[in-house]
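Peer 1: query_1.tsv is the file, holding TSV, C-alpha atoms and all ligand atoms:
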```tsv
chain	number	residue	atom	x	y	z
A	1	MET	CA	-23.54	-15.47	16.85
A	2	THR	CA	-25.12	-16.62	13.58
A	3	THR	CA	-23.24	-18.90	11.16
A	4	GLU	CA	-23.22	-16.03	8.69
A	5	SER	CA	-21.53	-13.60	11.04
A	6	MET	CA	-18.96	-16.21	12.10
A	7	GLN	CA	-17.82	-16.78	8.55
A	8	TYR	CA	-17.91	-13.09	7.73
A	9	CYS	CA	-15.86	-10.75	9.78
A	10	ILE	CA	-17.33	-7.58	8.30
A	11	HIS	CA	-20.78	-7.49	6.83
A	12	THR	CA	-22.32	-4.31	5.39
A	13	ARG	CA	-25.88	-3.86	4.23
A	14	ASN	CA	-27.20	-0.83	2.35
A	15	LEU	CA	-24.35	1.26	3.61
A	16	ASN	CA	-24.67	4.89	2.49
A	17	LEU	CA	-22.47	7.77	3.52
A	18	TRP	CA	-22.72	11.49	2.82
A	19	TYR	CA	-20.16	14.24	3.36
A	20	GLY	CA	-22.65	17.09	3.68
A	21	GLU	CA	-24.71	16.91	0.48
A	22	PHE	CA	-22.24	14.71	-1.35
A	23	GLN	CA	-22.93	10.99	-1.32
A	24	ALA	CA	-19.61	9.13	-1.16
A	25	LEU	CA	-20.91	5.58	-0.56
A	26	LYS	CA	-23.98	4.19	-2.27
A	27	ASN	CA	-25.70	1.07	-1.02
A	28	VAL	CA	-22.55	-0.88	-0.29
A	29	ASN	CA	-23.31	-4.53	0.45
A	30	THR	CA	-20.31	-6.62	1.17
A	31	ASP	CA	-19.00	-9.48	3.28
A	32	VAL	CA	-15.34	-9.52	4.24
A	33	LYS	CA	-14.23	-12.98	5.28
A	34	ASN	CA	-12.51	-13.84	8.53
A	35	GLY	CA	-8.74	-14.14	8.47
A	36	LEU	CA	-8.27	-13.19	4.82
A	37	ILE	CA	-6.59	-10.25	3.15
A	38	THR	CA	-9.12	-8.22	1.19
A	39	SER	CA	-8.06	-5.35	-1.08
A	40	LEU	CA	-10.20	-2.33	-1.84
A	41	ILE	CA	-9.37	-1.14	-5.34
A	42	GLY	CA	-10.72	1.46	-7.75
A	43	PRO	CA	-9.89	4.88	-9.21
A	44	SER	CA	-9.05	7.87	-7.07
A	45	GLY	CA	-12.08	9.30	-5.30
A	46	CYS	CA	-14.23	6.17	-5.63
A	47	GLY	CA	-14.65	5.84	-1.85
A	48	LYS	CA	-12.03	3.27	-0.79
A	49	THR	CA	-10.73	5.28	2.15
A	50	THR	CA	-14.26	6.28	3.12
A	51	LEU	CA	-15.39	2.66	3.21
A	52	LEU	CA	-12.30	1.60	5.17
A	53	ARG	CA	-12.92	4.37	7.69
A	54	CYS	CA	-16.50	3.24	8.20
A	55	PHE	CA	-15.20	0.00	9.71
A	56	ASN	CA	-13.85	1.76	12.79
A	57	ARG	CA	-16.29	4.70	12.58
A	58	ILE	CA	-13.46	7.14	12.23
A	59	ASN	CA	-15.32	9.10	9.53
A	60	GLU	CA	-17.50	10.39	12.31
A	61	ARG	CA	-14.82	12.77	13.47
A	62	PHE	CA	-16.20	15.02	10.72
A	63	THR	CA	-19.44	16.46	12.04
A	64	TYR	CA	-20.88	16.78	8.53
A	65	VAL	CA	-20.73	13.02	7.87
A	66	ARG	CA	-23.98	11.09	7.84
A	67	THR	CA	-24.06	7.30	7.62
A	68	GLU	CA	-27.03	5.02	7.00
A	69	GLY	CA	-27.25	1.24	6.85
A	70	LYS	CA	-25.69	-1.57	8.74
A	71	ILE	CA	-22.14	-2.68	9.47
A	72	VAL	CA	-21.80	-5.88	11.47
A	73	ILE	CA	-18.32	-6.79	12.69
A	74	LEU	CA	-17.92	-10.21	14.28
A	75	GLY	CA	-21.62	-10.44	14.90
A	76	LYS	CA	-22.15	-6.99	16.37
A	77	ASN	CA	-23.74	-4.00	14.62
A	78	ILE	CA	-21.15	-1.28	15.19
A	79	TYR	CA	-23.84	1.41	15.05
A	80	ASP	CA	-25.76	-0.07	17.97
A	81	PRO	CA	-26.14	2.52	20.73
A	82	ASP	CA	-24.32	0.32	23.26
A	83	VAL	CA	-21.16	0.08	21.14
A	84	SER	CA	-18.14	1.74	22.72
A	85	LEU	CA	-15.99	3.54	20.14
A	86	ILE	CA	-12.95	2.83	22.30
A	87	GLU	CA	-13.61	-0.93	22.27
A	88	LEU	CA	-14.41	-0.82	18.55
A	89	ARG	CA	-11.10	0.86	17.76
A	90	LYS	CA	-9.21	-1.68	19.87
A	91	SER	CA	-10.82	-4.47	17.91
A	92	VAL	CA	-10.44	-2.70	14.55
A	93	GLY	CA	-6.96	-1.17	14.34
A	94	MET	CA	-5.77	1.11	11.57
A	95	VAL	CA	-2.52	1.85	9.74
A	96	PHE	CA	-2.16	4.93	7.57
A	97	GLN	CA	-0.36	5.92	4.35
A	98	ARG	CA	2.53	7.60	6.10
A	99	PRO	CA	3.94	5.81	9.12
A	100	ASN	CA	2.90	7.89	12.13
A	101	PRO	CA	4.70	6.62	15.22
A	102	VAL	CA	4.58	8.91	18.23
A	103	PRO	CA	7.90	10.80	18.65
A	104	ILE	CA	8.82	8.80	21.76
A	105	SER	CA	10.77	5.57	22.21
A	106	VAL	CA	10.14	2.34	20.30
A	107	TYR	CA	9.24	0.69	23.62
A	108	GLU	CA	6.68	3.33	24.57
A	109	ASN	CA	5.16	3.33	21.09
A	110	ILE	CA	4.27	-0.32	21.47
A	111	LEU	CA	2.65	0.37	24.83
A	112	PHE	CA	0.99	3.62	23.80
A	113	GLY	CA	-2.48	2.20	23.10
A	114	LEU	CA	-2.32	-0.14	26.06
A	115	ARG	CA	-1.51	2.71	28.44
A	116	ILE	CA	-4.47	4.70	27.14
A	117	HIS	CA	-6.88	1.81	27.32
A	118	HIS	CA	-5.81	0.35	30.67
A	119	PRO	CA	-5.25	2.17	33.92
A	120	PHE	CA	-1.63	3.15	34.36
A	121	GLY	CA	0.34	0.79	36.57
A	122	SER	CA	-1.87	-2.25	36.19
A	123	PHE	CA	0.96	-4.16	34.47
A	124	LYS	CA	4.27	-5.27	35.95
A	125	LYS	CA	7.46	-4.16	34.20
A	126	SER	CA	8.19	-7.76	33.21
A	127	GLU	CA	4.72	-8.06	31.66
A	128	LEU	CA	5.23	-4.87	29.68
A	129	ASP	CA	8.65	-6.10	28.52
A	130	ASP	CA	7.01	-9.31	27.34
A	131	ILE	CA	4.30	-7.44	25.46
A	132	VAL	CA	6.90	-5.28	23.71
A	133	GLU	CA	9.01	-8.30	22.79
A	134	LYS	CA	6.06	-10.31	21.53
A	135	SER	CA	4.67	-7.46	19.46
A	136	LEU	CA	8.03	-6.68	17.86
A	137	MET	CA	8.59	-10.40	17.23
A	138	GLU	CA	5.25	-10.68	15.51
A	139	VAL	CA	6.17	-7.98	12.99
A	140	GLY	CA	9.75	-9.21	12.57
A	141	LEU	CA	11.39	-6.18	14.22
A	142	TRP	CA	12.66	-7.75	17.44
A	143	LYS	CA	16.07	-8.78	16.11
A	144	ASP	CA	16.78	-5.33	14.67
A	145	LEU	CA	15.39	-3.28	17.53
A	146	LYS	CA	15.93	-5.29	20.71
A	147	ASP	CA	18.98	-3.18	21.51
A	148	ARG	CA	17.33	0.05	20.39
A	149	LEU	CA	14.13	0.02	22.42
A	150	LYS	CA	14.94	3.45	23.80
A	151	ALA	CA	15.58	4.96	20.35
A	152	LYS	CA	13.08	7.51	19.16
A	153	ALA	CA	10.61	5.76	16.86
A	154	THR	CA	10.71	8.62	14.38
A	155	SER	CA	14.45	8.00	13.87
A	156	LEU	CA	13.84	4.52	12.39
A	157	GLN	CA	13.78	3.74	8.68
A	158	LEU	CA	10.33	4.31	7.15
A	159	GLU	CA	9.77	0.59	6.65
A	160	GLN	CA	10.57	-0.06	10.32
A	161	GLN	CA	8.27	2.80	11.34
A	162	GLN	CA	5.40	1.30	9.38
A	163	LYS	CA	6.03	-2.13	10.93
A	164	LEU	CA	6.09	-0.46	14.33
A	165	CYS	CA	2.72	1.15	13.59
A	166	ILE	CA	1.37	-2.34	12.96
A	167	ALA	CA	3.14	-3.73	16.05
A	168	ARG	CA	1.62	-1.13	18.35
A	169	LEU	CA	-1.88	-2.33	17.45
A	170	LEU	CA	-1.13	-5.87	18.61
A	171	PRO	CA	-1.12	-5.43	22.42
A	172	LEU	CA	-4.78	-4.43	22.08
A	173	LYS	CA	-5.52	-7.82	20.49
A	174	PRO	CA	-7.28	-6.55	17.40
A	175	ASP	CA	-9.51	-8.74	15.24
A	176	VAL	CA	-9.24	-6.55	12.17
A	177	ILE	CA	-6.36	-4.47	10.80
A	178	LEU	CA	-7.26	-1.75	8.31
A	179	MET	CA	-4.49	-0.41	6.09
A	180	ASP	CA	-4.91	2.62	3.85
A	181	GLU	CA	-2.21	2.42	1.17
A	182	PRO	CA	0.35	1.32	3.78
A	183	CYS	CA	3.21	1.13	1.28
A	184	SER	CA	2.70	4.42	-0.55
A	185	ALA	CA	5.54	6.13	1.34
A	186	LEU	CA	7.92	3.14	0.98
A	187	ASP	CA	10.44	2.06	-1.64
A	188	ILE	CA	10.39	-1.35	-3.36
A	189	GLU	CA	12.23	-3.08	-0.50
A	190	GLY	CA	10.00	-1.53	2.14
A	191	THR	CA	6.91	-2.45	0.17
A	192	ARG	CA	8.07	-6.03	-0.12
A	193	ALA	CA	8.76	-6.19	3.61
A	194	ILE	CA	5.28	-4.92	4.51
A	195	GLU	CA	3.66	-7.29	2.03
A	196	GLU	CA	5.54	-10.22	3.56
A	197	LEU	CA	4.48	-9.11	7.01
A	198	MET	CA	0.84	-8.88	5.94
A	199	TYR	CA	1.08	-12.39	4.67
A	200	GLN	CA	2.46	-13.58	8.00
A	201	LEU	CA	-0.35	-11.86	9.89
A	202	ARG	CA	-2.94	-13.33	7.54
A	203	GLY	CA	-5.14	-15.88	9.32
A	204	ARG	CA	-4.64	-14.42	12.78
A	205	TYR	CA	-6.17	-11.11	11.76
A	206	THR	CA	-8.66	-10.05	9.12
A	207	ILE	CA	-6.83	-7.52	6.98
A	208	VAL	CA	-8.48	-4.94	4.72
A	209	ILE	CA	-6.08	-2.91	2.61
A	210	VAL	CA	-6.67	-0.01	0.24
A	211	THR	CA	-4.24	-0.06	-2.64
A	212	HIS	CA	-3.78	1.79	-5.92
A	213	ASN	CA	-1.29	-0.80	-7.00
A	214	MET	CA	-3.01	-3.53	-9.01
A	215	ALA	CA	0.05	-5.75	-8.93
A	216	GLN	CA	0.09	-5.47	-5.16
A	217	ALA	CA	-3.60	-6.31	-4.86
A	218	ARG	CA	-2.98	-9.34	-7.02
A	219	ARG	CA	0.09	-10.46	-5.07
A	220	ILE	CA	-1.22	-10.15	-1.58
A	221	SER	CA	-4.96	-10.40	-1.42
A	222	ASP	CA	-7.27	-13.37	-1.20
A	223	GLU	CA	-10.22	-11.27	-2.33
A	224	CYS	CA	-10.71	-7.89	-3.98
A	225	ILE	CA	-13.50	-5.35	-3.86
A	226	PHE	CA	-13.68	-3.07	-6.90
A	227	MET	CA	-15.37	0.28	-6.31
A	228	LEU	CA	-16.46	3.02	-8.67
A	229	LEU	CA	-18.12	6.36	-7.82
A	230	GLY	CA	-19.08	5.19	-4.34
A	231	GLU	CA	-20.56	1.88	-5.47
A	232	MET	CA	-19.22	-1.57	-4.88
A	233	ILE	CA	-19.09	-2.99	-8.39
A	234	GLU	CA	-17.60	-6.40	-7.76
A	235	HIS	CA	-16.29	-8.47	-4.87
A	236	ALA	CA	-14.58	-11.69	-5.83
A	237	ARG	CA	-11.63	-13.92	-5.20
A	238	THR	CA	-8.56	-12.08	-6.49
A	239	GLU	CA	-7.76	-14.50	-9.27
A	240	GLU	CA	-11.33	-14.47	-10.52
A	241	LEU	CA	-11.57	-10.70	-10.43
A	242	PHE	CA	-8.38	-10.27	-12.43
A	243	LEU	CA	-8.78	-13.16	-14.86
A	244	ASN	CA	-12.51	-13.34	-15.27
A	245	PRO	CA	-14.25	-10.20	-14.00
A	246	ARG	CA	-18.02	-10.45	-14.02
A	247	ASN	CA	-18.61	-6.76	-14.56
A	248	PRO	CA	-17.25	-5.10	-17.73
A	249	ARG	CA	-16.32	-1.98	-15.73
A	250	THR	CA	-14.03	-4.08	-13.53
A	251	GLY	CA	-12.37	-5.50	-16.62
A	252	GLU	CA	-11.86	-2.04	-18.12
A	253	TYR	CA	-10.29	-0.76	-14.90
A	254	ILE	CA	-7.85	-3.61	-14.42
A	255	GLU	CA	-6.85	-3.36	-18.05
A	256	GLY	CA	-5.94	0.26	-17.31
A	257	ARG	CA	-8.54	1.87	-19.55
A	258	TYR	CA	-9.32	4.45	-16.85
A	259	GLY	CA	-8.32	5.45	-13.33
K	1	LIG	N1	-13.53	14.64	4.58
K	1	LIG	C1	-14.17	14.77	3.42
K	1	LIG	N2	-15.04	15.77	3.21
K	1	LIG	C2	-15.69	15.89	2.04
K	1	LIG	N3	-15.57	15.05	1.02
K	1	LIG	C3	-14.72	14.04	1.15
K	1	LIG	C4	-13.97	13.84	2.37
K	1	LIG	N4	-13.20	12.74	2.22
K	1	LIG	C5	-13.45	12.28	0.98
K	1	LIG	N5	-14.35	13.05	0.34
K	1	LIG	C6	-14.88	12.82	-1.02
K	1	LIG	O1	-15.48	11.54	-1.05
K	1	LIG	C7	-15.13	10.84	-2.24
K	1	LIG	C8	-14.43	9.55	-1.86
K	1	LIG	O2	-13.19	9.88	-1.26
K	1	LIG	P1	-12.18	8.79	-0.71
K	1	LIG	O3	-11.07	9.53	-0.08
K	1	LIG	O4	-12.93	7.81	0.09
K	1	LIG	O5	-11.72	8.10	-2.07
K	1	LIG	P2	-10.52	7.11	-2.36
K	1	LIG	O6	-11.06	6.05	-3.25
K	1	LIG	O7	-9.86	6.70	-1.11
K	1	LIG	O8	-9.54	8.04	-3.22
K	1	LIG	P3	-7.93	8.01	-3.32
K	1	LIG	O9	-7.62	6.80	-4.16
K	1	LIG	O10	-7.60	9.28	-4.05
K	1	LIG	O11	-7.37	7.94	-1.96
K	1	LIG	C9	-14.27	11.81	-3.06
K	1	LIG	O12	-15.12	12.45	-3.99
K	1	LIG	C10	-13.74	12.77	-2.04
K	1	LIG	O13	-13.53	14.04	-2.61
K	2	MG	MG	-7.95	6.99	-0.30
```
Turn this file's structure into structure tokens for me.
Ligand SMILES: Nc1ncnc2c1ncn2[C@@H]1O[C@H](COP(=O)(O)OP(=O)(O)OP(=O)(O)O)[C@@H](O)[C@H]1O
Ligand SMILES: [Mg+2]
Peer 2:
Amino acid sequence: MTTESMQYCIHTRNLNLWYGEFQALKNVNTDVKNGLITSLIGPSGCGKTTLLRCFNRINERFTYVRTEGKIVILGKNIYDPDVSLIELRKSVGMVFQRPNPVPISVYENILFGLRIHHPFGSFKKSELDDIVEKSLMEVGLWKDLKDRLKAKATSLQLEQQQKLCIARLLPLKPDVILMDEPCSALDIEGTRAIEELMYQLRGRYTIVIVTHNMAQARRISDECIFMLLGEMIEHARTEELFLNPRNPRTGEYIEGRYG
């Protein structure tokens, strides 16, 4: 691994993406640092979700998507022919706008990915119990749910469901957690809880979050990437981007002049 790829978790070069004829990402060059929280910000339709979904190659479920350029994650070009999409998606987990637990028990939700990725029966019950406990502990749900492991995950409060969606990534030992507006379905309390959790996970995982909420980006992220019409306009430390943006278009956006 080169020094560059060790410092940078995600490294894109000349990344272009088309949905059919429409170009949604234009020459995106960026370096997301290991262990930090990086926010993707910019007006609706600027390509935040598209960029996020490049990092686990989930855009490719649309047959009309074409991608060019390079994305290196932890030293490996994820477009190399020997890359396994299954391994990539274990290493780069994703959380969506609406919590989407599977309508089965809390316990089985945590083990859902593990059961898919590893042959059934290769873990002892006590090992599985440990994994569930550890994962719920890590997201701060253990105390509330330890007596409700058999409850249906979809019966939990939304905030708990979203935390569970983060917890179920953890048994797969991800390096990166992608979050696309993870608080948009939550109230103020739920939002605060998820933000606190992100902060606790910071350092152990590289977190990339899409947010429309400028105050949130400012509160939680170490660095911000401002996008406009498919281009990456500015990537800077959060404080710098908000207090002293280099590009006038960044300044206009954070002042609320458009978007
Ligand atoms: N599956 C798709 N097929 C065709 N075009 C798409 C698809 N997904 C997104 N687009 C287009 O690509 C552009 C970028 O969309 P994207 O969803 O990445 O933006 P975004 O910044 O996440 O927007 P928002 O803030 O509204 O979520 C938009 O013009 C959108 O209409
Ligand atoms: Mg989006």
Peer 1: What does the list of residues within 10 Å of ligand LIG 1 (chain K) look like if you count all atoms listed in the file, written as a short mmCIF file (atom, residue, chain, number, x, y, z; two decimals) with C-alpha atoms, in the frame of the given file?
Peer 2:
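That gives us pocket.cif:
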```
data_model
loop_
_atom_site.label_atom_id
_atom_site.label_comp_id
_atom_site.auth_asym_id
_atom_site.auth_seq_id
_atom_site.Cartn_x
_atom_site.Cartn_y
_atom_site.Cartn_z
CA LEU A 17 -22.47 7.77 3.52
CA TRP A 18 -22.72 11.49 2.82
CA TYR A 19 -20.16 14.24 3.36
CA GLY A 20 -22.65 17.09 3.68
CA GLU A 21 -24.71 16.91 0.48
CA PHE A 22 -22.24 14.71 -1.35
CA GLN A 23 -22.93 10.99 -1.32
CA ALA A 24 -19.61 9.13 -1.16
CA LEU A 25 -20.91 5.58 -0.56
CA LEU A 40 -10.20 -2.33 -1.84
CA ILE A 41 -9.37 -1.14 -5.34
CA GLY A 42 -10.72 1.46 -7.75
CA PRO A 43 -9.89 4.88 -9.21
CA SER A 44 -9.05 7.87 -7.07
CA GLY A 45 -12.08 9.30 -5.30
CA CYS A 46 -14.23 6.17 -5.63
CA GLY A 47 -14.65 5.84 -1.85
CA LYS A 48 -12.03 3.27 -0.79
CA THR A 49 -10.73 5.28 2.15
CA THR A 50 -14.26 6.28 3.12
CA LEU A 51 -15.39 2.66 3.21
CA LEU A 52 -12.30 1.60 5.17
CA ARG A 53 -12.92 4.37 7.69
CA CYS A 54 -16.50 3.24 8.20
CA ASN A 59 -15.32 9.10 9.53
CA GLU A 60 -17.50 10.39 12.31
CA ARG A 61 -14.82 12.77 13.47
CA PHE A 62 -16.20 15.02 10.72
CA THR A 63 -19.44 16.46 12.04
CA TYR A 64 -20.88 16.78 8.53
CA VAL A 65 -20.73 13.02 7.87
CA GLN A 97 -0.36 5.92 4.35
CA ASP A 180 -4.91 2.62 3.85
CA GLU A 181 -2.21 2.42 1.17
CA VAL A 210 -6.67 -0.01 0.24
CA THR A 211 -4.24 -0.06 -2.64
CA HIS A 212 -3.78 1.79 -5.92
CA MET A 227 -15.37 0.28 -6.31
CA LEU A 228 -16.46 3.02 -8.67
CA LEU A 229 -18.12 6.36 -7.82
CA GLY A 230 -19.08 5.19 -4.34
CA GLY A 259 -8.32 5.45 -13.33
#
```
Peer 1: At a cut-off of 8 Å, using all atoms listed in the file, what residues contact A:Ile71? Leave out same-chain residues fewer than 2 positions from it and give the result as an MDAnalysis selection string.
Peer 2: chainID A and resid 10:13 15 55 69 73 77:79
Peer 1: Can you work out which one of A:Pro245, A:Pro99, A:Gly256, A:Gly113 has the shortest atom-to-atom distance to A:Met214, counting only C-alpha atoms?
Peer 2: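 Residue with the minimum atom-to-atom distance to A:Met214: A:Gly256.
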Peer 1: Between A:Lys152, A:Leu170, A:Phe96, A:Ser105, which one has atoms that come closest to ligand MG 2 (chain K), using only C-alpha atoms and all ligand atoms?
Peer 2: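 Looking at the shortest contact to ligand MG 2 (chain K), the residue is A:Phe96.
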Peer 1: What is the atom CA of A:Asn56 to atom CA of A:Asp80 distance in Å?
Peer 2: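 Taking atom CA of A:Asn56 and atom CA of A:Asp80, their separation equals 13.1 Å.
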Peer 1: Please provide the set of residues having any atom within 8 Å of stretch 137-149 of chain A, restricted to all atoms listed in the file, with same-chain residues fewer than 6 positions apart removed, written as a ChimeraX atom specification.
Peer 2: /A:105-107,160,163-164,166-167,197
Peer 1: With C-alpha atoms kept, could you save the residues just selected as a JSON list (two decimals), keeping the file's coordinate frame?
Peer 2:
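Once written, out.json looks like this:
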```json
[["chain", "number", "residue", "atom", "x", "y", "z"],
["A", 105, "SER", "CA", 10.77, 5.57, 22.21],
["A", 106, "VAL", "CA", 10.14, 2.34, 20.30],
["A", 107, "TYR", "CA", 9.24, 0.69, 23.62],
["A", 160, "GLN", "CA", 10.57, -0.06, 10.32],
["A", 163, "LYS", "CA", 6.03, -2.13, 10.93],
["A", 164, "LEU", "CA", 6.09, -0.46, 14.33],
["A", 166, "ILE", "CA", 1.37, -2.34, 12.96],
["A", 167, "ALA", "CA", 3.14, -3.73, 16.05],
["A", 197, "LEU", "CA", 4.48, -9.11, 7.01]]
```
Peer 1: With only C-alpha atoms as the atoms that count, which of A:Thr38, A:Thr206, A:Ser184, A:Asn213 lies nearest to A:Ser91?
Peer 2: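 Looking at the shortest contact to A:Ser91, the residue is A:Thr206.
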Peer 1: Distance atom CA of A:Ala217-atom CA of A:Thr238, one decimal place?
Peer 2: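 Computing it gives 7.8 Å between the two atoms.
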Peer 1: Between atom CA of A:Phe242 and atom CA of A:Gln7, what is the distance, to one decimal in Å?
Peer 2: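 Atom CA of A:Gln7 lies at a distance of 23.9 Å from atom CA of A:Phe242.
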Peer 1: Given all atoms listed in the file as the basis, pick out the residue of A:Met179, A:Leu241, A:Leu169, A:Val32 nearest to ligand MG 2 (chain K).
Peer 2: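 Residue with the minimum atom-to-atom distance to ligand MG 2 (chain K): A:Met179.
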Peer 1: If we draw a sphere of 12 Å around (4.5, -5.2, 2.0), which residues have at least one atom in it when counting only C-alpha atoms? Please report them as a count of residues only.
Peer 2: 37
Peer 1: Using all atoms of stretch 60-73 of chain A listed in the file and a margin of 4 Å per side, can you give the axis-aligned box centre and edge lengths in Å to one decimal, as lines of an AutoDock Vina configuration file?
Peer 2:
```
center_x = -21.0
center_y = 5.0
center_z = 10.2
size_x = 20.4
size_y = 31.6
size_z = 14.6
```
Peer 1: Given the point (-11.6, -0.9, 21.2) in the file's coordinates, find the residues that have an atom at most 10 Å from it, counting all atoms listed in the file, and give them as a PDB file with C-alpha atoms, in the frame of the given file.
Peer 2:
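Result file follows (result_29.pdb):
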```pdb
ATOM      1  CA  ASN A  56     -13.850   1.760  12.790  1.00  0.00           C
ATOM      2  CA  VAL A  83     -21.160   0.080  21.140  1.00  0.00           C
ATOM      3  CA  SER A  84     -18.140   1.740  22.720  1.00  0.00           C
ATOM      4  CA  LEU A  85     -15.990   3.540  20.140  1.00  0.00           C
ATOM      5  CA  ILE A  86     -12.950   2.830  22.300  1.00  0.00           C
ATOM      6  CA  GLU A  87     -13.610  -0.930  22.270  1.00  0.00           C
ATOM      7  CA  LEU A  88     -14.410  -0.820  18.550  1.00  0.00           C
ATOM      8  CA  ARG A  89     -11.100   0.860  17.760  1.00  0.00           C
ATOM      9  CA  LYS A  90      -9.210  -1.680  19.870  1.00  0.00           C
ATOM     10  CA  SER A  91     -10.820  -4.470  17.910  1.00  0.00           C
ATOM     11  CA  VAL A  92     -10.440  -2.700  14.550  1.00  0.00           C
ATOM     12  CA  GLY A  93      -6.960  -1.170  14.340  1.00  0.00           C
ATOM     13  CA  GLY A 113      -2.480   2.200  23.100  1.00  0.00           C
ATOM     14  CA  HIS A 117      -6.880   1.810  27.320  1.00  0.00           C
ATOM     15  CA  LEU A 172      -4.780  -4.430  22.080  1.00  0.00           C
ATOM     16  CA  LYS A 173      -5.520  -7.820  20.490  1.00  0.00           C
ATOM     17  CA  PRO A 174      -7.280  -6.550  17.400  1.00  0.00           C
TER      18      PRO A 174
END
```
Peer 1: Calculated over all atoms listed in the file, which of the candidates A:Leu136, A:Val208, A:Leu128, A:Met94 has the smallest distance to A:Ile225?
Peer 2: A:Val208
Peer 1: Counting only C-alpha atoms, which of A:Val132, A:Pro101, A:Gly35, A:Thr30 gets nearest to A:Ile177?
Peer 2: A:Gly35
